[in-house]
Amino acid sequence: MDAKELRGIKGVVAAAALFIIFFGVFSSFLQLEGNVARGISEEYNKLAYKMAPNNLASWVYDYRAIDTLLETGVIYVGAVVSVLVLGRGLVRLKVPEEDEIVKVTGMDLKTETMPVLLKYFALPVVILLIAYGLLVVLEAPTSGGGGFQCGVIVSSAYLLSVIIYGKKSPFEIKKKTLVALGAFGWGLYVLMGLPGYLTTGYWQYNVGSDLWSWLSSFPGEVPEILKTVFGEPFKLALQLKEGVFYATSGILPIINIGEAFNVIGAICLIFFAFIYGWSDPEEEKLE
Amino acid sequence: MNEAVTNLWSVPLLIIIPILTAILVNLLYNKTKAIRAISVGASIAVLAIAVLSPYGFHWFAGHPAVNSDGTYTFTASVFSWKLSLEYYYGPLQQILIGLMSLLLLFTVLIATKSLSKNLGPYLAIIFLTYVSAAAVLMTNDFYHLWIAVELGSLLVAGLVASSGTAYAQKAALKYTFFSALAGSGLAISLGLILGLTGYVNITDAIHFLMSNDLGGMYAVLYVAFAFLTLAWVYAGGLVPVHPLKSDVYRSAFPHGTVLLQTQSKLMLVAIGIVMLRLFGSLPFATDVMLVISVLTMIFGVVMALIQTDLRWILAYLIVSHSGLVTVGLSLGTYRGIVGGIFQALNDVIYMSILLICCEMLLYFGKGSTSIKFGGGVAKKSPWLAAFAVLGAMAASGIPPFNGFQSELILLQAALEQGLPEVAAVILMVSVSTFVALFRAIYSIFLKPEPEKTSESYVGRFKMPDVVFISLVVLLSISLILGVYPQLAFSFINESALKVVLVPWVP
Amino acid sequence: MMLFPLALGEVTLTVVAFILGVALGTQLRSNLSRRTTLLILAMSVVAAFLFEAPIHYSSVLGGVFFEHITFSLKFISATIGLLIGKSFAKGGIQ
């Protein structure tokens with residue numbers, strides 16, 4: 001929209017609407033200040049550390065796991081849709097149509113002017129960035145971090161590599177690999193719900209940490225083998241003021257890895273499509 | 001049917017099977033046969049699950065609810081705070097999701113039949129659209145509602161953009177741009193409700209609001225209502241955004257629009273019910289909803305009357321009939337809610353019939369559905385013409401089809417509330433729908449073909465079997481519901497009663 | 001709790017970091033001189049010292065050597081994994 005269009009009556013209406021919205025939101029926030037009901041969050045605080053030392057991780061990936069599953073889906077869909085607009089998987093009716101398909105070509109990258117110093121230094125940085133991404137995803141259950149962040153860090157390493165070295169970059173992932181990474185990541189996340197579903201009937205029940213089997217009303221039972229496989233490898237001793245507690249994050253680290261792969265695949269795929277454009281193999285043969 | 005069960009087996013499958021299918025077909029990309037087999041299998045599976053499933057709750061991640069004395073329980077009850085995210089699968093969900101699964105099956109069948117290569121991403125988007133609508137219908141949680149709506153609006157853009165034309169991409173971009181507003185509006189609304197009550201579970205939040213005095217905080221509740229209304233308007237394409245939504249309906253392939261309109265109507269019903277449950281007792285809340293709905297009906301149908309292309313006419317009629325759905329809901333009475341939900345159900349069915357006919361027309365007419373088509377289709381494909389005429393009759397509320405039944409209930413509900421003006425508008429929509437549709441149908445199907453035509457029109461049009469079967473199935477459902485509406489009422493009544501009498505129960 | 005002296009939870013993620021490093025390393029195509037490799041390793045040790053081990057870790061295997069001197073072994077093992085994975089990849093640029 002042009003700035004000119006906003007003058008006159010349209011602009012007045014827009015300004016008035018914005019003012020009303022601002023007033024509404026702001027006054028509600030003012031009213032809520034100091035009056036926020038704590039509700040369910042108290043319960044979460046009481047329970048969260050039993051899952052993973054990092055409260056946030058146990059909320060996001062355990063208590064609200066299906067939310068995060070669909071959020072991961074948002075990233076995945078974002079990649080599919082963006083790349084679709086750029087050419088992957090455009091569909092046509094098998095009859096001639098009125099409108100023409102829009103063609104998108106890749107970017108014109110010129111890296112000859114990049115200083116040699118940068119070219120020397122960029123590859124170590126890329127490698128360290130990927131390592132940092134892996135650190136961030138693996139520390140999710142114990143400290144800040146998680147799959148989203150890891151994915152973003154690794155894809156920024158990918159972008160850095162392309163910017164410095166051009167289209168023939170050392171960190172070059174093939175498009176099929178990228179699609180497969182995304183699919184593997186989201187698929188892993190989805191399938192991590194299966195062990196809990198099969199043994200207790202609850203999708204995404206954390207069989208590793210198995211918080212609730214002691215309750216008599218809990219339906220089903222998690223077999224020892226599942227507890228061991230998903231729980232033991234991630235067991236930690238927490239030395240708190242109250243004493244030493246043993247906590248295991250169970251399936252959370254695996255879910256995080258799935259999430260990370262999904263985000264790496266998705267965001268790198270978007271970068272890929274913008275930089276190289278998209279052409280399908282059959283079409284290449286035809287041309 | 002045990003309703004208190006909290007680990008109902010069917011609910012996760014309804015979400016997970018389409019997601020896995022989407023991942024798989026996106027990965028397969030151009031292997032058309034495998035994609036067709038997998039996606040048809042998956043849609044049959046979800047249809048079967050939706051039909052066979054008993055009713056109950058599913059608490060994802062398997063965390064219990066907290067009783068007021070601090071103990072934990074795994075039995076569904078209104079008076080305990082849920083730690084997990086809650087989905088509810090009841091009769092309303094069953095009939096709506098069952099119908100959507102049926103339409104998913106038809107959409108997949110037609111898409112794999114009529115589209116050329118590299119189907120993977122397109123079908124992935126179709127399956128995820130199904131997921132988003134199913135999640136919105138089943139969830140009993142604000143936060144999840146938000147995510148599902150966000151996901152849904154992104155998918156709408158994808159489904160539209162996949163045809164790759166400049167026009168479609170423009171429509172998709174505009175829609176995404178505005179849906180970002182709706183998404184953040186919904187987020188603000190959920191944030192305010194969370195701040196007020198401390199619960200994201202809708203049942204718990206209502207429970208809290210009913211048992212605690214908010215004092216001077218009612219203004220906050222109104223702001224939350226306003227933002228939720230914004231999201232409702234965007235998700236369903238109601239009045240200020242109806243041009244965007246009709247662009248979207250027009251630009252997608254007609255079989256894609258079948259699913260798009262299903263998604264948006266189910267979202268209208270689901271979010272509308274949430275609004276009624278939470279804000280139904282607020283003064284003016286239903287009035288605002290009613291005004292939006294009436295305006296939508298009028299604008300949609302007026303725009304439909306001046307179009308000259310069947311695709312555009314359908315796009316605007318879908319928007320206008322969304323208004324019919326929401327009018328019922330926003331009356332807020334038992335009869336109104338039944339009428340609204342029933343209208344959504346019927347609407348989805350007869351619009352699907354018309355859209356599939358429109359798709360066939362695209363085939364036969366070299367990509368054109370303009371009313372300058374030339375006419376004479378009835379002679380070449382009498383079946384198609386018959387379906388189109390019958391579908392149009394259902395859409396304009398002519399007995400014995402289903403549209404008549406729901407519009408009748410809506411009329412009664414409006415009159416019961418002492419709103420003869422609204423009843424008049426409903427009648428007007430019905431009549432104008434008839435005019436708009438039959439103007440197009442006459443000139444495309446029934447008008448004799450002019451003497452001079454290009455050779456490509458010679459001969460009869462052969463409809464694919466898949467299309468024929470889906471049209472027959474949909475039309476017979478339309479007839480059955482028209483003759484025997486009690487069939488649908490048995491699913492809808494209970495939910496409508498709950499919304500009116502015990503809004504905290506999902 | 002017999003497993004605990006092994007500090008399984010503290011070691012596992014280091015191993016996973018190595019495996020993921022190898023997996024992502026196979027996507028790197030370039031020839032590194034020995035000097036650059038050593039530089040990367042040295043930098044990773046420095047970075048590991050800066051990142052520190054999570055506060056819940058207590059054993060040497062988790063990277064806690066003394067009270068306030070802790071290393072993020074995951075980072076080092078991920079870097080080594082990347083370098084090893086890179087050596088599997090064919091072809092090189094530069």
# chains A, B, ... in the order shown; residues from 1 in each chain; ligands from 1
call {"tool": "residues_around", "arguments": {"residues": "Glu52 (chain C)", "least_positions_apart": "3", "cutoff": "7 Å", "atoms": "only C-alpha atoms", "output": "list in words"}}
result
Ala48, Phe49, Thr70, Phe71 and Ser72 of chain C
call {"tool": "write_last_selection", "arguments": {"atoms": "C-alpha atoms", "output": "PDB file, in the first residue's frame"}}
result
ATOM      1  CA  ALA C  48      33.565 -25.016  25.622  1.00  0.00           C
ATOM      2  CA  PHE C  49      35.178 -23.356  28.595  1.00  0.00           C
ATOM      3  CA  THR C  70      33.735 -26.645  33.827  1.00  0.00           C
ATOM      4  CA  PHE C  71      33.780 -27.554  30.163  1.00  0.00           C
ATOM      5  CA  SER C  72      30.948 -28.134  27.793  1.00  0.00           C
TER       6      SER C  72
END
call {"tool": "closest_atom_pairs", "arguments": {"of": "region 112-166 of chain A", "to": "region 257-274 of chain A", "cutoff": "12 Å", "atoms": "only C-alpha atoms", "output": "CSV"}}
result
residue,atom,partner,partner_atom,distance
A:Ile130,CA,A:Ile264,CA,10.7
A:Gly133,CA,A:Ala260,CA,8.9
A:Leu134,CA,A:Ala260,CA,8.8
A:Leu135,CA,A:Ile257,CA,11.0
A:Val136,CA,A:Ala260,CA,9.7
A:Val137,CA,A:Ile257,CA,6.5
A:Leu138,CA,A:Ile257,CA,7.5
A:Glu139,CA,A:Ile257,CA,10.6
A:Ala140,CA,A:Ile257,CA,9.6
A:Pro141,CA,A:Ile257,CA,11.3
A:Gly145,CA,A:Ala260,CA,10.6
A:Gly146,CA,A:Ala260,CA,7.5
A:Gly147,CA,A:Ala260,CA,3.9
A:Phe148,CA,A:Ala260,CA,5.8
A:Gln149,CA,A:Ala260,CA,7.6
A:Cys150,CA,A:Ala260,CA,5.7
A:Gly151,CA,A:Ile264,CA,4.3
A:Val152,CA,A:Ile264,CA,6.7
A:Ile153,CA,A:Ile264,CA,8.5
A:Val154,CA,A:Ile264,CA,6.5
A:Ser155,CA,A:Cys268,CA,5.3
A:Ser156,CA,A:Cys268,CA,8.3
A:Ala157,CA,A:Cys268,CA,9.6
A:Tyr158,CA,A:Cys268,CA,7.0
A:Leu159,CA,A:Phe271,CA,7.1
A:Leu160,CA,A:Phe271,CA,10.9
A:Ser161,CA,A:Phe271,CA,11.6
A:Val162,CA,A:Phe272,CA,9.4
A:Ile163,CA,A:Phe271,CA,11.0
call {"tool": "write_last_selection", "arguments": {"atoms": "N, CA and C atoms", "output": "PDB file, in the first residue's frame"}}
result
ATOM      1  N   ILE A 130      27.712 -24.735  13.703  1.00  0.00           N
ATOM      2  CA  ILE A 130      26.924 -25.970  13.715  1.00  0.00           C
ATOM      3  C   ILE A 130      27.103 -26.675  15.056  1.00  0.00           C
ATOM      4  N   GLY A 133      24.997 -25.034  17.495  1.00  0.00           N
ATOM      5  CA  GLY A 133      23.606 -25.437  17.326  1.00  0.00           C
ATOM      6  C   GLY A 133      23.348 -26.763  18.013  1.00  0.00           C
ATOM      7  N   LEU A 134      24.258 -27.698  17.828  1.00  0.00           N
ATOM      8  CA  LEU A 134      24.079 -29.019  18.453  1.00  0.00           C
ATOM      9  C   LEU A 134      24.109 -28.893  19.971  1.00  0.00           C
ATOM     10  N   LEU A 135      25.000 -28.033  20.460  1.00  0.00           N
ATOM     11  CA  LEU A 135      25.052 -27.821  21.913  1.00  0.00           C
ATOM     12  C   LEU A 135      23.713 -27.293  22.416  1.00  0.00           C
ATOM     13  N   VAL A 136      23.163 -26.339  21.675  1.00  0.00           N
ATOM     14  CA  VAL A 136      21.916 -25.709  22.124  1.00  0.00           C
ATOM     15  C   VAL A 136      20.777 -26.720  22.160  1.00  0.00           C
ATOM     16  N   VAL A 137      20.695 -27.593  21.137  1.00  0.00           N
ATOM     17  CA  VAL A 137      19.586 -28.541  21.154  1.00  0.00           C
ATOM     18  C   VAL A 137      19.775 -29.574  22.253  1.00  0.00           C
ATOM     19  N   LEU A 138      21.022 -29.964  22.510  1.00  0.00           N
ATOM     20  CA  LEU A 138      21.206 -31.038  23.486  1.00  0.00           C
ATOM     21  C   LEU A 138      21.091 -30.540  24.914  1.00  0.00           C
ATOM     22  N   GLU A 139      21.273 -29.251  25.112  1.00  0.00           N
ATOM     23  CA  GLU A 139      21.150 -28.753  26.482  1.00  0.00           C
ATOM     24  C   GLU A 139      19.724 -28.330  26.809  1.00  0.00           C
ATOM     25  N   ALA A 140      18.808 -28.557  25.872  1.00  0.00           N
ATOM     26  CA  ALA A 140      17.438 -28.096  26.106  1.00  0.00           C
ATOM     27  C   ALA A 140      16.859 -28.564  27.427  1.00  0.00           C
ATOM     28  N   PRO A 141      17.004 -29.843  27.817  1.00  0.00           N
ATOM     29  CA  PRO A 141      16.354 -30.254  29.062  1.00  0.00           C
ATOM     30  C   PRO A 141      16.993 -29.665  30.304  1.00  0.00           C
ATOM     31  N   GLY A 145      17.506 -23.315  25.702  1.00  0.00           N
ATOM     32  CA  GLY A 145      17.820 -23.913  24.410  1.00  0.00           C
ATOM     33  C   GLY A 145      16.699 -24.780  23.935  1.00  0.00           C
ATOM     34  N   GLY A 146      16.865 -25.364  22.774  1.00  0.00           N
ATOM     35  CA  GLY A 146      15.823 -26.226  22.252  1.00  0.00           C
ATOM     36  C   GLY A 146      15.939 -26.392  20.758  1.00  0.00           C
ATOM     37  N   GLY A 147      15.003 -27.135  20.231  1.00  0.00           N
ATOM     38  CA  GLY A 147      15.069 -27.491  18.829  1.00  0.00           C
ATOM     39  C   GLY A 147      14.951 -26.295  17.898  1.00  0.00           C
ATOM     40  N   PHE A 148      14.008 -25.387  18.187  1.00  0.00           N
ATOM     41  CA  PHE A 148      13.816 -24.224  17.331  1.00  0.00           C
ATOM     42  C   PHE A 148      15.123 -23.442  17.191  1.00  0.00           C
ATOM     43  N   GLN A 149      15.730 -23.174  18.359  1.00  0.00           N
ATOM     44  CA  GLN A 149      16.938 -22.357  18.354  1.00  0.00           C
ATOM     45  C   GLN A 149      18.049 -23.035  17.578  1.00  0.00           C
ATOM     46  N   CYS A 150      18.208 -24.338  17.816  1.00  0.00           N
ATOM     47  CA  CYS A 150      19.250 -25.073  17.121  1.00  0.00           C
ATOM     48  C   CYS A 150      19.031 -24.969  15.620  1.00  0.00           C
ATOM     49  N   GLY A 151      17.793 -25.183  15.196  1.00  0.00           N
ATOM     50  CA  GLY A 151      17.507 -25.138  13.767  1.00  0.00           C
ATOM     51  C   GLY A 151      17.869 -23.793  13.176  1.00  0.00           C
ATOM     52  N   VAL A 152      17.528 -22.732  13.906  1.00  0.00           N
ATOM     53  CA  VAL A 152      17.804 -21.398  13.386  1.00  0.00           C
ATOM     54  C   VAL A 152      19.307 -21.155  13.312  1.00  0.00           C
ATOM     55  N   ILE A 153      20.047 -21.628  14.340  1.00  0.00           N
ATOM     56  CA  ILE A 153      21.498 -21.403  14.338  1.00  0.00           C
ATOM     57  C   ILE A 153      22.143 -22.143  13.168  1.00  0.00           C
ATOM     58  N   VAL A 154      21.765 -23.410  12.983  1.00  0.00           N
ATOM     59  CA  VAL A 154      22.391 -24.176  11.911  1.00  0.00           C
ATOM     60  C   VAL A 154      22.030 -23.600  10.555  1.00  0.00           C
ATOM     61  N   SER A 155      20.767 -23.136  10.413  1.00  0.00           N
ATOM     62  CA  SER A 155      20.428 -22.589   9.101  1.00  0.00           C
ATOM     63  C   SER A 155      21.108 -21.252   8.876  1.00  0.00           C
ATOM     64  N   SER A 156      21.431 -20.525   9.959  1.00  0.00           N
ATOM     65  CA  SER A 156      22.194 -19.300   9.735  1.00  0.00           C
ATOM     66  C   SER A 156      23.623 -19.638   9.325  1.00  0.00           C
ATOM     67  N   ALA A 157      24.144 -20.771   9.823  1.00  0.00           N
ATOM     68  CA  ALA A 157      25.454 -21.222   9.366  1.00  0.00           C
ATOM     69  C   ALA A 157      25.403 -21.522   7.870  1.00  0.00           C
ATOM     70  N   TYR A 158      24.324 -22.138   7.459  1.00  0.00           N
ATOM     71  CA  TYR A 158      24.128 -22.458   6.032  1.00  0.00           C
ATOM     72  C   TYR A 158      24.113 -21.189   5.202  1.00  0.00           C
ATOM     73  N   LEU A 159      23.363 -20.213   5.688  1.00  0.00           N
ATOM     74  CA  LEU A 159      23.240 -18.955   4.947  1.00  0.00           C
ATOM     75  C   LEU A 159      24.586 -18.236   4.894  1.00  0.00           C
ATOM     76  N   LEU A 160      25.300 -18.237   6.022  1.00  0.00           N
ATOM     77  CA  LEU A 160      26.612 -17.586   6.082  1.00  0.00           C
ATOM     78  C   LEU A 160      27.534 -18.196   5.036  1.00  0.00           C
ATOM     79  N   SER A 161      27.522 -19.519   4.988  1.00  0.00           N
ATOM     80  CA  SER A 161      28.395 -20.215   4.055  1.00  0.00           C
ATOM     81  C   SER A 161      28.072 -19.820   2.617  1.00  0.00           C
ATOM     82  N   VAL A 162      26.772 -19.728   2.297  1.00  0.00           N
ATOM     83  CA  VAL A 162      26.397 -19.373   0.923  1.00  0.00           C
ATOM     84  C   VAL A 162      26.768 -17.926   0.616  1.00  0.00           C
ATOM     85  N   ILE A 163      26.600 -17.047   1.601  1.00  0.00           N
ATOM     86  CA  ILE A 163      26.886 -15.629   1.363  1.00  0.00           C
ATOM     87  C   ILE A 163      28.376 -15.420   1.094  1.00  0.00           C
TER      88      ILE A 163
END
call {"tool": "atom_distance", "arguments": {"atom1": "CA of Val200 (chain B)", "atom2": "CA of Tyr143 (chain B)"}}
result
6.3 Å
call {"tool": "interface_residues", "arguments": {"of": "chain A", "to": "chain C", "cutoff": "8 Å", "atoms": "only C-alpha atoms", "output": "PyMOL selection string"}}
result
chain A and resi 53+124+127-128+131-132+134-135+138-139+142-143+168-173+232-239
call {"tool": "write_last_selection", "arguments": {"atoms": "N, CA, C and O atoms", "output": "mmCIF file, in the first residue's frame"}}
result
data_model
loop_
_atom_site.group_PDB
_atom_site.id
_atom_site.type_symbol
_atom_site.label_atom_id
_atom_site.label_comp_id
_atom_site.auth_asym_id
_atom_site.auth_seq_id
_atom_site.Cartn_x
_atom_site.Cartn_y
_atom_site.Cartn_z
ATOM 1 N N PRO A 53 15.274 -30.729 34.563
ATOM 2 C CA PRO A 53 15.702 -29.616 35.403
ATOM 3 C C PRO A 53 15.266 -28.267 34.845
ATOM 4 O O PRO A 53 15.104 -27.314 35.597
ATOM 5 N N PRO A 124 35.756 -22.149 9.391
ATOM 6 C CA PRO A 124 35.802 -22.473 10.818
ATOM 7 C C PRO A 124 34.591 -21.950 11.575
ATOM 8 O O PRO A 124 34.046 -22.641 12.435
ATOM 9 N N ILE A 127 31.658 -24.212 10.944
ATOM 10 C CA ILE A 127 31.757 -25.472 11.703
ATOM 11 C C ILE A 127 31.436 -25.231 13.176
ATOM 12 O O ILE A 127 30.676 -25.983 13.798
ATOM 13 N N LEU A 128 31.992 -24.153 13.728
ATOM 14 C CA LEU A 128 31.723 -23.883 15.145
ATOM 15 C C LEU A 128 30.256 -23.533 15.378
ATOM 16 O O LEU A 128 29.685 -23.891 16.407
ATOM 17 N N ALA A 131 28.344 -26.683 15.537
ATOM 18 C CA ALA A 131 28.590 -27.324 16.831
ATOM 19 C C ALA A 131 27.793 -26.613 17.923
ATOM 20 O O ALA A 131 27.221 -27.251 18.815
ATOM 21 N N TYR A 132 27.724 -25.278 17.818
ATOM 22 C CA TYR A 132 26.974 -24.524 18.808
ATOM 23 C C TYR A 132 25.492 -24.878 18.729
ATOM 24 O O TYR A 132 24.824 -25.045 19.758
ATOM 25 N N LEU A 134 24.258 -27.698 17.828
ATOM 26 C CA LEU A 134 24.079 -29.019 18.453
ATOM 27 C C LEU A 134 24.109 -28.893 19.971
ATOM 28 O O LEU A 134 23.347 -29.559 20.681
ATOM 29 N N LEU A 135 25.000 -28.033 20.460
ATOM 30 C CA LEU A 135 25.052 -27.821 21.913
ATOM 31 C C LEU A 135 23.713 -27.293 22.416
ATOM 32 O O LEU A 135 23.176 -27.770 23.419
ATOM 33 N N LEU A 138 21.022 -29.964 22.510
ATOM 34 C CA LEU A 138 21.206 -31.038 23.486
ATOM 35 C C LEU A 138 21.091 -30.540 24.914
ATOM 36 O O LEU A 138 20.851 -31.312 25.823
ATOM 37 N N GLU A 139 21.273 -29.251 25.112
ATOM 38 C CA GLU A 139 21.150 -28.753 26.482
ATOM 39 C C GLU A 139 19.724 -28.330 26.809
ATOM 40 O O GLU A 139 19.466 -27.809 27.892
ATOM 41 N N THR A 142 18.267 -29.243 30.224
ATOM 42 C CA THR A 142 18.918 -28.779 31.448
ATOM 43 C C THR A 142 19.059 -27.271 31.523
ATOM 44 O O THR A 142 19.157 -26.717 32.603
ATOM 45 N N SER A 143 19.104 -26.606 30.394
ATOM 46 C CA SER A 143 19.226 -25.145 30.469
ATOM 47 C C SER A 143 18.538 -24.555 29.256
ATOM 48 O O SER A 143 17.871 -25.257 28.525
ATOM 49 N N LYS A 168 28.537 -22.300 -4.895
ATOM 50 C CA LYS A 168 29.273 -23.536 -4.625
ATOM 51 C C LYS A 168 29.874 -23.434 -3.230
ATOM 52 O O LYS A 168 31.062 -23.173 -3.064
ATOM 53 N N SER A 169 29.045 -23.616 -2.226
ATOM 54 C CA SER A 169 29.546 -23.385 -0.877
ATOM 55 C C SER A 169 29.936 -24.715 -0.243
ATOM 56 O O SER A 169 29.437 -25.764 -0.637
ATOM 57 N N PRO A 170 30.842 -24.674 0.733
ATOM 58 C CA PRO A 170 31.253 -25.918 1.378
ATOM 59 C C PRO A 170 30.139 -26.581 2.181
ATOM 60 O O PRO A 170 30.106 -27.793 2.283
ATOM 61 N N PHE A 171 29.228 -25.785 2.749
ATOM 62 C CA PHE A 171 28.124 -26.378 3.515
ATOM 63 C C PHE A 171 26.919 -26.401 2.596
ATOM 64 O O PHE A 171 26.029 -25.577 2.684
ATOM 65 N N GLU A 172 26.940 -27.346 1.676
ATOM 66 C CA GLU A 172 25.904 -27.371 0.649
ATOM 67 C C GLU A 172 25.072 -28.633 0.849
ATOM 68 O O GLU A 172 25.581 -29.748 0.732
ATOM 69 N N ILE A 173 23.808 -28.435 1.170
ATOM 70 C CA ILE A 173 22.945 -29.596 1.375
ATOM 71 C C ILE A 173 22.048 -29.720 0.156
ATOM 72 O O ILE A 173 21.469 -28.731 -0.293
ATOM 73 N N GLU A 232 16.611 -43.964 31.348
ATOM 74 C CA GLU A 232 17.938 -44.075 31.953
ATOM 75 C C GLU A 232 19.027 -43.250 31.274
ATOM 76 O O GLU A 232 19.812 -42.612 31.957
ATOM 77 N N PRO A 233 19.101 -43.260 29.945
ATOM 78 C CA PRO A 233 20.237 -42.554 29.339
ATOM 79 C C PRO A 233 20.281 -41.074 29.693
ATOM 80 O O PRO A 233 21.318 -40.451 29.579
ATOM 81 N N PHE A 234 19.158 -40.539 30.115
ATOM 82 C CA PHE A 234 19.128 -39.089 30.347
ATOM 83 C C PHE A 234 18.957 -38.749 31.828
ATOM 84 O O PHE A 234 18.583 -37.650 32.177
ATOM 85 N N LYS A 235 19.206 -39.708 32.679
ATOM 86 C CA LYS A 235 18.958 -39.492 34.113
ATOM 87 C C LYS A 235 20.021 -38.594 34.727
ATOM 88 O O LYS A 235 21.193 -38.759 34.494
ATOM 89 N N LEU A 236 19.586 -37.649 35.536
ATOM 90 C CA LEU A 236 20.503 -36.704 36.167
ATOM 91 C C LEU A 236 20.224 -36.641 37.659
ATOM 92 O O LEU A 236 19.103 -36.878 38.092
ATOM 93 N N ALA A 237 21.263 -36.327 38.426
ATOM 94 C CA ALA A 237 21.051 -36.076 39.852
ATOM 95 C C ALA A 237 20.975 -34.577 40.069
ATOM 96 O O ALA A 237 21.854 -33.842 39.659
ATOM 97 N N LEU A 238 19.899 -34.139 40.676
ATOM 98 C CA LEU A 238 19.763 -32.708 40.953
ATOM 99 C C LEU A 238 20.056 -32.465 42.417
ATOM 100 O O LEU A 238 19.371 -32.991 43.290
ATOM 101 N N GLN A 239 21.081 -31.664 42.659
ATOM 102 C CA GLN A 239 21.379 -31.359 44.054
ATOM 103 C C GLN A 239 20.709 -30.050 44.408
ATOM 104 O O GLN A 239 21.203 -28.972 44.097
#
call {"tool": "interface_residues", "arguments": {"of": "chain B", "to": "chain A", "cutoff": "6 Å", "atoms": "only C-alpha atoms", "output": "list in words"}}
result
Asn7, Ile23, Phe60, Ala61, Gly62, Phe74, Ser84, Ser114, Leu115, Ser116, Asn118, Pro121, His144, Leu151, Gly158, Ser162, Ser163, Gly164, Thr165, Ala166, Gly195, Leu196, Thr197, Gly198, Tyr199, Val220, Lys366 and Gly367 of chain B
call {"tool": "write_last_selection", "arguments": {"atoms": "C-alpha atoms", "output": "mmCIF file, in the first residue's frame"}}
result
data_model
loop_
_atom_site.group_PDB
_atom_site.id
_atom_site.type_symbol
_atom_site.label_atom_id
_atom_site.label_comp_id
_atom_site.auth_asym_id
_atom_site.auth_seq_id
_atom_site.Cartn_x
_atom_site.Cartn_y
_atom_site.Cartn_z
ATOM 1 C CA ASN B 7 -7.617 -41.575 26.847
ATOM 2 C CA ILE B 23 4.922 -35.814 5.717
ATOM 3 C CA PHE B 60 -2.565 -35.341 25.506
ATOM 4 C CA ALA B 61 0.678 -36.220 27.287
ATOM 5 C CA GLY B 62 -1.317 -38.037 29.950
ATOM 6 C CA PHE B 74 -7.699 -39.266 35.554
ATOM 7 C CA SER B 84 -2.899 -31.613 30.047
ATOM 8 C CA SER B 114 -7.303 -34.189 -12.277
ATOM 9 C CA LEU B 115 -3.969 -32.637 -11.444
ATOM 10 C CA SER B 116 -0.707 -33.091 -13.256
ATOM 11 C CA ASN B 118 4.382 -33.246 -8.434
ATOM 12 C CA PRO B 121 3.181 -30.822 -1.438
ATOM 13 C CA HIS B 144 -4.278 -24.784 21.022
ATOM 14 C CA LEU B 151 -1.786 -23.269 11.018
ATOM 15 C CA GLY B 158 -0.622 -22.606 0.512
ATOM 16 C CA SER B 162 -0.268 -23.918 -5.337
ATOM 17 C CA SER B 163 -1.840 -23.187 -8.687
ATOM 18 C CA GLY B 164 1.067 -20.844 -9.267
ATOM 19 C CA THR B 165 -0.806 -18.120 -11.131
ATOM 20 C CA ALA B 166 -0.102 -14.497 -10.352
ATOM 21 C CA GLY B 195 -4.226 -13.311 32.773
ATOM 22 C CA LEU B 196 -7.773 -12.988 34.084
ATOM 23 C CA THR B 197 -8.335 -16.619 34.959
ATOM 24 C CA GLY B 198 -4.997 -18.366 34.996
ATOM 25 C CA TYR B 199 -6.287 -21.208 32.848
ATOM 26 C CA VAL B 220 -10.715 -6.752 30.088
ATOM 27 C CA LYS B 366 -11.086 -25.232 -21.530
ATOM 28 C CA GLY B 367 -10.584 -23.602 -18.183
#
call {"tool": "select_by_dssp", "arguments": {"residues": "chain C", "states": "alpha helix (DSSP H)", "output": "count of residues only"}}
result
52
